[in-house]
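Raw contents of final.tsv, TSV, C-alpha atoms:
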chain	number	residue	atom	x	y	z
E	1472	MET	CA	185.97	140.82	80.27
E	1473	ALA	CA	184.40	144.15	80.69
E	1474	LYS	CA	184.61	145.51	84.16
E	1475	SER	CA	181.47	145.06	86.20
E	1476	THR	CA	179.37	148.08	87.01
E	1477	ILE	CA	179.13	146.87	90.58
E	1478	LYS	CA	181.68	146.89	93.32
E	1479	LEU	CA	180.59	144.60	96.08
E	1480	ARG	CA	182.32	144.13	99.40
E	1481	THR	CA	181.14	141.81	102.12
E	1482	LYS	CA	182.50	141.12	105.55
E	1483	GLU	CA	181.50	138.80	108.37
E	1484	LYS	CA	181.49	140.21	111.88
E	1485	GLY	CA	179.86	138.54	114.87
E	1486	GLY	CA	177.31	136.56	112.88
E	1487	LYS	CA	176.37	139.58	110.77
E	1488	ILE	CA	177.35	140.09	107.21
E	1489	GLN	CA	178.02	143.64	106.21
E	1490	VAL	CA	177.32	144.36	102.59
E	1491	LYS	CA	178.62	147.43	100.80
E	1492	ALA	CA	178.00	148.10	97.18
E	1493	LEU	CA	178.90	150.84	94.77
E	1494	ILE	CA	177.17	150.81	91.41
E	1495	LYS	CA	178.39	152.77	88.45
E	1496	HIS	CA	175.39	154.45	86.89
E	1497	PRO	CA	174.56	157.96	85.64
E	1498	MET	CA	171.21	158.13	87.51
E	1499	GLU	CA	169.66	160.79	85.28
E	1500	THR	CA	166.43	162.12	86.71
E	1501	GLY	CA	164.93	163.17	83.43
E	1502	LEU	CA	164.66	166.74	84.72
E	1503	ARG	CA	168.16	167.90	83.99
E	1504	LYS	CA	168.84	169.91	80.85
E	1505	ASP	CA	171.77	169.64	78.54
E	1506	LYS	CA	173.61	172.94	78.89
E	1507	LYS	CA	174.54	173.12	75.21
E	1508	THR	CA	171.31	172.14	73.51
E	1509	GLY	CA	168.81	173.10	76.21
E	1510	LYS	CA	167.09	169.78	75.70
E	1511	LYS	CA	166.13	167.60	78.57
E	1512	ILE	CA	168.35	164.62	79.20
E	1513	PRO	CA	166.10	161.57	79.25
E	1514	ALA	CA	165.64	159.78	82.54
E	1515	HIS	CA	168.04	156.96	83.04
E	1516	HIS	CA	168.18	155.64	86.55
E	1517	ILE	CA	168.17	152.41	88.47
E	1518	THR	CA	164.70	151.43	89.59
E	1519	LYS	CA	165.38	148.22	91.42
E	1520	VAL	CA	168.22	146.64	93.31
E	1521	VAL	CA	167.92	143.18	94.78
E	1522	VAL	CA	170.45	141.68	97.14
E	1523	GLU	CA	170.21	137.96	97.73
E	1524	ALA	CA	172.09	135.79	100.16
E	1525	ASN	CA	172.17	132.14	99.13
E	1526	GLY	CA	169.30	132.80	96.76
E	1527	LYS	CA	167.06	134.38	99.41
E	1528	PRO	CA	166.36	138.09	99.11
E	1529	VAL	CA	167.70	140.10	102.05
E	1530	LEU	CA	167.18	143.57	100.65
E	1531	THR	CA	165.09	144.99	97.87
E	1532	ALA	CA	165.54	148.62	97.00
E	1533	ASP	CA	163.22	150.66	94.81
E	1534	TRP	CA	164.93	153.81	93.67
E	1535	SER	CA	163.89	157.03	92.03
E	1536	GLY	CA	166.06	159.57	90.30
E	1537	SER	CA	166.70	161.17	93.68
E	1538	VAL	CA	169.34	158.60	94.41
E	1539	SER	CA	172.75	160.02	93.64
E	1540	LYS	CA	174.93	159.23	90.67
E	1541	ASN	CA	177.01	156.10	91.15
E	1542	PRO	CA	174.83	154.98	94.03
E	1543	PHE	CA	176.24	153.57	97.20
E	1544	LEU	CA	174.47	151.14	99.45
E	1545	SER	CA	175.40	149.67	102.79
E	1546	PHE	CA	173.52	147.40	105.15
E	1547	SER	CA	173.98	144.19	107.08
E	1548	TYR	CA	172.10	140.97	107.68
E	1549	ALA	CA	172.41	137.94	109.92
E	1550	GLY	CA	174.28	135.29	108.00
E	1551	SER	CA	177.36	133.13	107.93
E	1552	LYS	CA	180.68	133.55	106.21
E	1553	ASP	CA	179.88	130.69	103.85
E	1554	ASP	CA	177.12	132.68	102.23
E	1555	THR	CA	177.09	133.81	98.66
E	1556	VAL	CA	175.77	137.30	98.08
E	1557	LYS	CA	174.28	138.33	94.79
E	1558	LEU	CA	173.36	141.85	93.79
E	1559	THR	CA	171.26	142.65	90.76
E	1560	TRP	CA	170.17	146.04	89.49
E	1561	THR	CA	167.70	146.99	86.81
E	1562	ASP	CA	167.22	150.47	85.38
E	1563	ASN	CA	164.30	152.19	83.69
E	1564	THR	CA	165.64	151.41	80.22
E	1565	GLY	CA	165.59	147.71	80.99
E	1566	LYS	CA	169.33	147.35	81.39
E	1567	SER	CA	170.62	145.29	84.24
E	1568	ASP	CA	173.75	143.85	85.72
E	1569	SER	CA	174.52	141.50	88.55
E	1570	ILE	CA	177.43	140.26	90.56
E	1571	GLU	CA	177.84	137.29	92.82
E	1572	LYS	CA	180.49	136.91	95.49
E	1573	LYS	CA	181.41	134.81	98.45
E	1574	ILE	CA	181.73	136.61	101.78
E	1575	GLY	CA	185.04	138.42	102.02
E	1576	GLU	CA	185.87	137.92	98.35
E	1577	LYS	CA	187.34	141.00	96.71
V	1018	MET	CA	186.94	152.25	102.34
V	1019	LYS	CA	186.51	151.12	105.88
V	1020	ARG	CA	188.12	154.12	107.46
V	1021	ARG	CA	186.21	156.47	105.26
V	1022	SER	CA	182.82	155.08	106.20
V	1023	PHE	CA	183.77	155.14	109.85
V	1024	LEU	CA	184.58	158.82	109.65
V	1025	LYS	CA	181.31	159.48	107.94
V	1026	SER	CA	179.20	157.73	110.52
V	1027	ALA	CA	180.98	159.60	113.27
V	1028	LEU	CA	180.21	162.90	111.57
V	1029	PHE	CA	176.57	162.09	111.07
V	1030	ALA	CA	176.01	160.91	114.57
V	1031	SER	CA	176.66	164.44	115.74
V	1032	ALA	CA	174.20	165.87	113.23
V	1033	THR	CA	171.36	163.56	114.19
V	1034	GLY	CA	170.61	165.08	117.56
V	1035	ALA	CA	170.14	168.56	116.20
V	1036	ALA	CA	168.09	167.38	113.26
V	1037	ILE	CA	165.35	165.76	115.29
V	1038	THR	CA	164.40	169.06	116.84
V	1039	THR	CA	163.63	170.71	113.47
V	1040	GLY	CA	160.15	172.00	112.77
V	1041	ILE	CA	157.10	170.46	111.15
V	1042	VAL	CA	156.95	169.29	107.58
V	1043	SER	CA	156.00	171.79	104.94
V	1044	PRO	CA	155.12	170.00	101.72
V	1045	ASN	CA	156.01	171.80	98.57
V	1046	MET	CA	152.58	173.00	97.50
V	1047	ALA	CA	153.83	174.32	94.17
V	1048	PHE	CA	154.04	170.78	92.90
V	1049	ALA	CA	150.82	169.58	94.48
V	1050	ASP	CA	148.52	168.55	91.69
V	1051	ALA	CA	146.46	165.51	92.49
V	1052	ASP	CA	145.62	164.86	88.84
V	1053	THR	CA	149.16	164.53	87.59
V	1054	ALA	CA	150.18	162.23	90.39
V	1055	ALA	CA	149.51	158.83	88.93
V	1056	LYS	CA	149.22	155.73	91.01
V	1057	ASP	CA	152.95	155.30	91.13
V	1058	PRO	CA	154.20	156.89	94.36
V	1059	PHE	CA	157.61	157.36	92.75
V	1060	LYS	CA	156.03	159.80	90.30
V	1061	ALA	CA	154.03	161.70	92.91
V	1062	LYS	CA	155.02	165.33	93.10
V	1063	SER	CA	154.13	166.28	96.64
V	1064	LEU	CA	154.68	164.85	100.05
V	1065	ASP	CA	150.96	164.49	100.64
V	1066	ASP	CA	150.50	162.46	97.49
V	1067	VAL	CA	153.43	160.23	98.31
V	1068	LEU	CA	152.06	159.49	101.76
V	1069	LYS	CA	148.59	158.91	100.36
V	1070	LEU	CA	149.81	156.48	97.73
V	1071	LEU	CA	151.87	154.62	100.27
V	1072	GLY	CA	148.94	154.56	102.67
V	1073	ALA	CA	151.07	156.22	105.30
V	1074	THR	CA	149.12	159.39	106.05
V	1075	ASP	CA	148.69	158.44	109.70
V	1076	ALA	CA	152.36	157.72	110.31
V	1077	GLU	CA	153.45	158.26	113.89
V	1078	GLU	CA	156.63	160.03	114.81
V	1079	SER	CA	159.03	157.76	116.56
V	1080	ASP	CA	162.32	158.27	118.34
V	1081	LYS	CA	163.22	154.66	117.61
V	1082	ILE	CA	164.19	155.68	114.11
V	1083	LYS	CA	167.60	157.22	113.71
V	1084	ILE	CA	168.38	159.25	110.63
V	1085	LYS	CA	171.93	160.07	109.79
V	1086	ALA	CA	172.17	163.01	107.47
V	1087	PRO	CA	174.56	165.93	107.29
V	1088	GLU	CA	173.24	169.24	108.62
V	1089	ILE	CA	174.85	171.05	105.74
V	1090	ALA	CA	175.56	169.42	102.42
V	1091	GLU	CA	177.92	171.43	100.29
V	1092	ASN	CA	177.24	169.33	97.24
V	1093	GLY	CA	173.61	168.40	96.77
V	1094	ALA	CA	174.53	165.85	94.12
V	1095	VAL	CA	175.83	163.43	96.68
V	1096	VAL	CA	174.34	163.57	100.14
V	1097	PRO	CA	175.02	160.58	102.30
V	1098	VAL	CA	171.93	159.57	104.24
V	1099	GLY	CA	171.43	156.67	106.56
V	1100	ALA	CA	168.62	155.42	108.72
V	1101	SER	CA	168.08	152.64	111.17
V	1102	SER	CA	165.03	151.44	112.99
V	1103	ASP	CA	164.72	149.83	116.42
V	1104	ILE	CA	161.03	149.15	115.89
V	1105	ASP	CA	160.14	145.48	116.06
V	1106	GLY	CA	159.02	143.98	112.80
V	1107	THR	CA	160.43	146.68	110.57
V	1108	THR	CA	160.05	145.58	106.99
V	1109	GLU	CA	160.56	148.75	105.00
V	1110	ILE	CA	162.48	151.98	105.25
V	1111	ILE	CA	161.34	154.64	102.84
V	1112	PHE	CA	163.22	157.87	102.21
V	1113	ILE	CA	161.42	161.03	101.18
V	1114	THR	CA	163.30	164.16	100.20
V	1115	VAL	CA	160.49	166.64	100.66
V	1116	ASN	CA	161.64	169.44	98.36
V	1117	ASN	CA	162.78	167.32	95.44
V	1118	PRO	CA	160.58	167.33	92.32
V	1119	THR	CA	159.65	163.74	93.07
V	1120	PRO	CA	159.87	163.47	96.84
V	1121	LEU	CA	159.92	159.71	97.14
V	1122	ALA	CA	163.60	158.89	96.85
V	1123	ALA	CA	163.95	155.26	97.71
V	1124	LYS	CA	162.24	152.35	99.31
V	1125	TYR	CA	164.14	149.56	100.96
V	1126	THR	CA	162.42	146.30	101.75
V	1127	PHE	CA	164.24	144.09	104.21
V	1128	GLY	CA	164.33	140.33	104.16
V	1129	GLU	CA	163.90	138.28	107.32
V	1130	SER	CA	167.53	138.18	108.28
V	1131	ALA	CA	168.43	141.74	107.33
V	1132	VAL	CA	169.19	144.37	109.93
V	1133	PRO	CA	166.78	147.29	109.39
V	1134	ALA	CA	169.48	149.86	108.80
V	1135	ILE	CA	170.64	151.33	105.55
V	1136	LYS	CA	173.17	153.80	104.29
V	1137	THR	CA	172.95	155.35	100.90
V	1138	ARG	CA	173.39	158.58	98.96
V	1139	PHE	CA	170.82	160.95	97.56
V	1140	LYS	CA	170.59	163.98	95.34
V	1141	MET	CA	168.96	167.07	96.76
V	1142	GLY	CA	167.96	170.03	94.66
V	1143	LYS	CA	167.77	172.42	97.57
V	1144	THR	CA	167.56	172.57	101.32
V	1145	THR	CA	165.04	169.98	102.37
V	1146	ASP	CA	163.69	167.80	105.09
V	1147	VAL	CA	164.55	164.17	104.70
V	1148	ILE	CA	161.89	161.89	106.05
V	1149	ALA	CA	162.50	158.29	106.90
V	1150	LEU	CA	159.30	156.34	106.88
V	1151	VAL	CA	159.44	152.98	108.57
V	1152	LYS	CA	156.87	150.31	107.97
V	1153	ALA	CA	156.49	147.77	110.75
V	1154	GLY	CA	153.59	145.41	110.46
V	1155	ASP	CA	150.71	147.49	109.12
V	1156	LYS	CA	151.81	150.71	110.74
V	1157	PHE	CA	154.07	153.51	109.62
V	1158	TYR	CA	156.47	155.49	111.74
V	1159	THR	CA	158.47	158.53	110.74
V	1160	ALA	CA	161.47	160.57	111.67
V	1161	LYS	CA	163.07	163.42	109.84
V	1162	ALA	CA	166.21	165.42	109.44
V	1163	ASN	CA	166.84	168.72	107.74
V	1164	VAL	CA	169.64	169.04	105.26
V	1165	LYS	CA	170.84	172.45	104.14
V	1166	VAL	CA	172.07	172.29	100.59
V	1167	THR	CA	174.41	175.01	99.42
V	1168	LYS	CA	174.71	173.75	95.85
V	1169	GLY	CA	171.85	171.93	94.17
V	1170	GLY	CA	172.31	168.48	92.72
V	1171	CYS	CA	169.24	168.02	90.61
V	1172	GLY	CA	170.38	170.28	87.80
V	1173	GLY	CA	167.89	172.30	85.75
Go ahead and express the file in the form of C-alpha cells.
Amino acid sequence: MAKSTIKLRTKEKGGKIQVKALIKHPMETGLRKDKKTGKKIPAHHITKVVVEANGKPVLTADWSGSVSKNPFLSFSYAGSKDDTVKLTWTDNTGKSDSIEKKIGEK
Amino acid sequence: MKRRSFLKSALFASATGAAITTGIVSPNMAFADADTAAKDPFKAKSLDDVLKLLGATDAEESDKIKIKAPEIAENGAVVPVGASSDIDGTTEIIFITVNNPTPLAAKYTFGESAVPAIKTRFKMGKTTDVIALVKAGDKFYTAKANVKVTKGGCGG
C-alpha cells in the first residue's frame, strides 16, 4: 500500500489528547515561478483540514498558500484514550487523503 | 519528535515577550485594491480587506492571546508559529501574515472539546507582522508578533 501523506501522532495526557500531524504536500501558492521556464507554477495547496474525534469535529482548518510546504499541525482537545482520531485534508485541485488512528497508535 | 517540539516551544516563549511591544500594524498598501479582492477573504490582498471580509475591523487587542513566533526566521519557507487564547468561548484562531501577497494565512475553527491553542508553520515572503485574530462569541480580539525574515519563502 502506498504510504499515507499524513503522519499522525496522538497522545493522552491528563484527560487531554494531544494531536500532532505532518502532511506531505507541496503547498504551491500559485505565485512562484519556475526558474527554468519563467512560467508560474499553478497553485496547489491544501484548503481544508478536518480533525475528528469519534466522528465529531474538533478542529477545522482553512488554509491558504501561506502555510508552509509539508504542513505541520499541533493542538489538543479534551478526550479519552479510547478515542479514534481522523484527519482529512482536501486541496484546491480536489485531491484529498485521510487517516484514522486510535490514541497512541503509531 | 517530542524533544524537538519542546525545544521549539522553549525558544518561542522567549520571543513572545519582545514581540508584543512591536509597533502598530502597517498594511501593505501596494496590494490594496478593493475591486480585485473578491468575497473570499483568502484571496484578499490587503490586511484591511481581510479584516473587512471577516467582519473583524473592530477587533480589540488582548493580552490573553499568546503568539509564539520566532523573532528572526532565517528561512521564510518554514516559520513555526503558534497561538493560544485564554479568552472564554474562543471558537476561531485566524492567522494573518501582513506582508504576504495574500495576508490571510489560515483559519482554525475549534470544536467544543478542543483547547484553543494551535501550532503550525507558515511561509513568509519578507519581514512581517503576524496577527492572531481570535473570535470569541461575536467579538474579535487580536495580538501580533513581528517576524524578521532573512530569506524569503514565497519565491518569485
What are the nearest atom pairs, with distances in Å to one decimal, for all residues of chain E that come at most 10 Å from chain V, using only C-alpha atoms, set out by chain and rising residue number as JSON lines?
{"residue": "E:Arg1480", "atom": "CA", "partner": "V:Met1018", "partner_atom": "CA", "distance": 9.8}
{"residue": "E:Lys1487", "atom": "CA", "partner": "V:Val1132", "partner_atom": "CA", "distance": 8.7}
{"residue": "E:Ile1488", "atom": "CA", "partner": "V:Ala1131", "partner_atom": "CA", "distance": 9.1}
{"residue": "E:Gln1489", "atom": "CA", "partner": "V:Val1132", "partner_atom": "CA", "distance": 9.6}
{"residue": "E:Lys1491", "atom": "CA", "partner": "V:Lys1136", "partner_atom": "CA", "distance": 9.1}
{"residue": "E:Ala1492", "atom": "CA", "partner": "V:Thr1137", "partner_atom": "CA", "distance": 9.6}
{"residue": "E:Leu1493", "atom": "CA", "partner": "V:Thr1137", "partner_atom": "CA", "distance": 9.7}
{"residue": "E:Met1498", "atom": "CA", "partner": "V:Lys1140", "partner_atom": "CA", "distance": 9.8}
{"residue": "E:Glu1499", "atom": "CA", "partner": "V:Cys1171", "partner_atom": "CA", "distance": 9.0}
{"residue": "E:Thr1500", "atom": "CA", "partner": "V:Cys1171", "partner_atom": "CA", "distance": 7.6}
{"residue": "E:Gly1501", "atom": "CA", "partner": "V:Cys1171", "partner_atom": "CA", "distance": 9.7}
{"residue": "E:Leu1502", "atom": "CA", "partner": "V:Gly1173", "partner_atom": "CA", "distance": 6.5}
{"residue": "E:Arg1503", "atom": "CA", "partner": "V:Gly1173", "partner_atom": "CA", "distance": 4.7}
{"residue": "E:Lys1504", "atom": "CA", "partner": "V:Gly1173", "partner_atom": "CA", "distance": 5.5}
{"residue": "E:Asp1505", "atom": "CA", "partner": "V:Gly1173", "partner_atom": "CA", "distance": 8.6}
{"residue": "E:Lys1506", "atom": "CA", "partner": "V:Gly1173", "partner_atom": "CA", "distance": 9.0}
{"residue": "E:Gly1509", "atom": "CA", "partner": "V:Gly1173", "partner_atom": "CA", "distance": 9.6}
{"residue": "E:Lys1511", "atom": "CA", "partner": "V:Gly1173", "partner_atom": "CA", "distance": 8.8}
{"residue": "E:Thr1518", "atom": "CA", "partner": "V:Ala1123", "partner_atom": "CA", "distance": 9.0}
{"residue": "E:Lys1519", "atom": "CA", "partner": "V:Lys1124", "partner_atom": "CA", "distance": 9.4}
{"residue": "E:Val1520", "atom": "CA", "partner": "V:Tyr1125", "partner_atom": "CA", "distance": 9.1}
{"residue": "E:Val1521", "atom": "CA", "partner": "V:Thr1126", "partner_atom": "CA", "distance": 9.4}
{"residue": "E:Val1522", "atom": "CA", "partner": "V:Gly1128", "partner_atom": "CA", "distance": 9.4}
{"residue": "E:Glu1523", "atom": "CA", "partner": "V:Gly1128", "partner_atom": "CA", "distance": 9.0}
{"residue": "E:Ala1524", "atom": "CA", "partner": "V:Ser1130", "partner_atom": "CA", "distance": 9.6}
{"residue": "E:Lys1527", "atom": "CA", "partner": "V:Gly1128", "partner_atom": "CA", "distance": 8.1}
{"residue": "E:Pro1528", "atom": "CA", "partner": "V:Gly1128", "partner_atom": "CA", "distance": 5.9}
{"residue": "E:Val1529", "atom": "CA", "partner": "V:Gly1128", "partner_atom": "CA", "distance": 4.0}
{"residue": "E:Leu1530", "atom": "CA", "partner": "V:Phe1127", "partner_atom": "CA", "distance": 4.6}
{"residue": "E:Thr1531", "atom": "CA", "partner": "V:Thr1126", "partner_atom": "CA", "distance": 4.9}
{"residue": "E:Ala1532", "atom": "CA", "partner": "V:Tyr1125", "partner_atom": "CA", "distance": 4.3}
{"residue": "E:Asp1533", "atom": "CA", "partner": "V:Lys1124", "partner_atom": "CA", "distance": 4.9}
{"residue": "E:Trp1534", "atom": "CA", "partner": "V:Ala1123", "partner_atom": "CA", "distance": 4.4}
{"residue": "E:Ser1535", "atom": "CA", "partner": "V:Ala1122", "partner_atom": "CA", "distance": 5.2}
{"residue": "E:Gly1536", "atom": "CA", "partner": "V:Ala1122", "partner_atom": "CA", "distance": 7.0}
{"residue": "E:Ser1537", "atom": "CA", "partner": "V:Ala1122", "partner_atom": "CA", "distance": 5.0}
{"residue": "E:Val1538", "atom": "CA", "partner": "V:Phe1139", "partner_atom": "CA", "distance": 4.2}
{"residue": "E:Ser1539", "atom": "CA", "partner": "V:Phe1139", "partner_atom": "CA", "distance": 4.5}
{"residue": "E:Lys1540", "atom": "CA", "partner": "V:Val1095", "partner_atom": "CA", "distance": 7.4}
{"residue": "E:Asn1541", "atom": "CA", "partner": "V:Arg1138", "partner_atom": "CA", "distance": 9.0}
{"residue": "E:Pro1542", "atom": "CA", "partner": "V:Arg1138", "partner_atom": "CA", "distance": 6.3}
{"residue": "E:Phe1543", "atom": "CA", "partner": "V:Thr1137", "partner_atom": "CA", "distance": 5.3}
{"residue": "E:Leu1544", "atom": "CA", "partner": "V:Thr1137", "partner_atom": "CA", "distance": 4.7}
{"residue": "E:Ser1545", "atom": "CA", "partner": "V:Lys1136", "partner_atom": "CA", "distance": 4.9}
{"residue": "E:Phe1546", "atom": "CA", "partner": "V:Ile1135", "partner_atom": "CA", "distance": 4.9}
{"residue": "E:Ser1547", "atom": "CA", "partner": "V:Val1132", "partner_atom": "CA", "distance": 5.6}
{"residue": "E:Tyr1548", "atom": "CA", "partner": "V:Ala1131", "partner_atom": "CA", "distance": 3.8}
{"residue": "E:Ala1549", "atom": "CA", "partner": "V:Ser1130", "partner_atom": "CA", "distance": 5.2}
{"residue": "E:Gly1550", "atom": "CA", "partner": "V:Ser1130", "partner_atom": "CA", "distance": 7.3}
Exercise for the section: Could you please determine the separation between CA of Pro1087 (chain V) and CA of Ala1100 (chain V) in Å, to one decimal place? Expected result: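 Between CA of Pro1087 (chain V) and CA of Ala1100 (chain V) the gap works out to 12.2 Å.
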Exercise for the section: Measure the distance from CA of Pro1497 (chain E) to CA of Ser1569 (chain E) in Å and round it to one decimal. Expected result: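 The value is 16.7 Å.
Pairwise distance (CA of Val1490 (chain E), CA of Val1067 (chain V)) equals 29.0 Å.
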Take every atom of region 1475-1481 of chain E listed in the file, fit an axis-aligned box around them, add 5 Å per side, and give the centre and edge lengths in Å to one decimal as JSON.
{"center_x": 180.7, "center_y": 144.9, "center_z": 94.2, "size_x": 13.2, "size_y": 16.3, "size_z": 25.9}
Practice task
Find the residue from V:Ile1089, V:Val1098, V:Val1115, V:Ala1076 that sits nearest to Ser1063 (chain V); use all atoms listed in the file when measuring.
Solution key: V:Val1115
Exercise for the section: Write out as a PyMOL selection string the residues lying within 10 Å of region 1155-1165 of chain V, counting all atoms listed in the file and excluding same-chain residues fewer than 5 positions away. Expected result: chain V and resi 1032-1042+1071-1093+1096+1098+1100+1102+1104+1106-1115+1141+1143-1150
Just want the 8 Å neighbourhood of Thr1555 (chain E), counted on all atoms listed in the file, with same-chain residues fewer than 3 positions away dropped. Output as a compact mmCIF listing (two decimals) with C-alpha atoms, in the coordinates of the input.
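Wrote result-v5.txt, looks like this:
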# COMPACT_ATOMS: atom_id res chain seq x y z
CA ALA E 1524 172.09 135.79 100.16
CA ASN E 1525 172.17 132.14 99.13
CA GLU E 1571 177.84 137.29 92.82
CA LYS E 1572 180.49 136.91 95.49
CA LYS E 1573 181.41 134.81 98.45
CA ILE E 1574 181.73 136.61 101.78
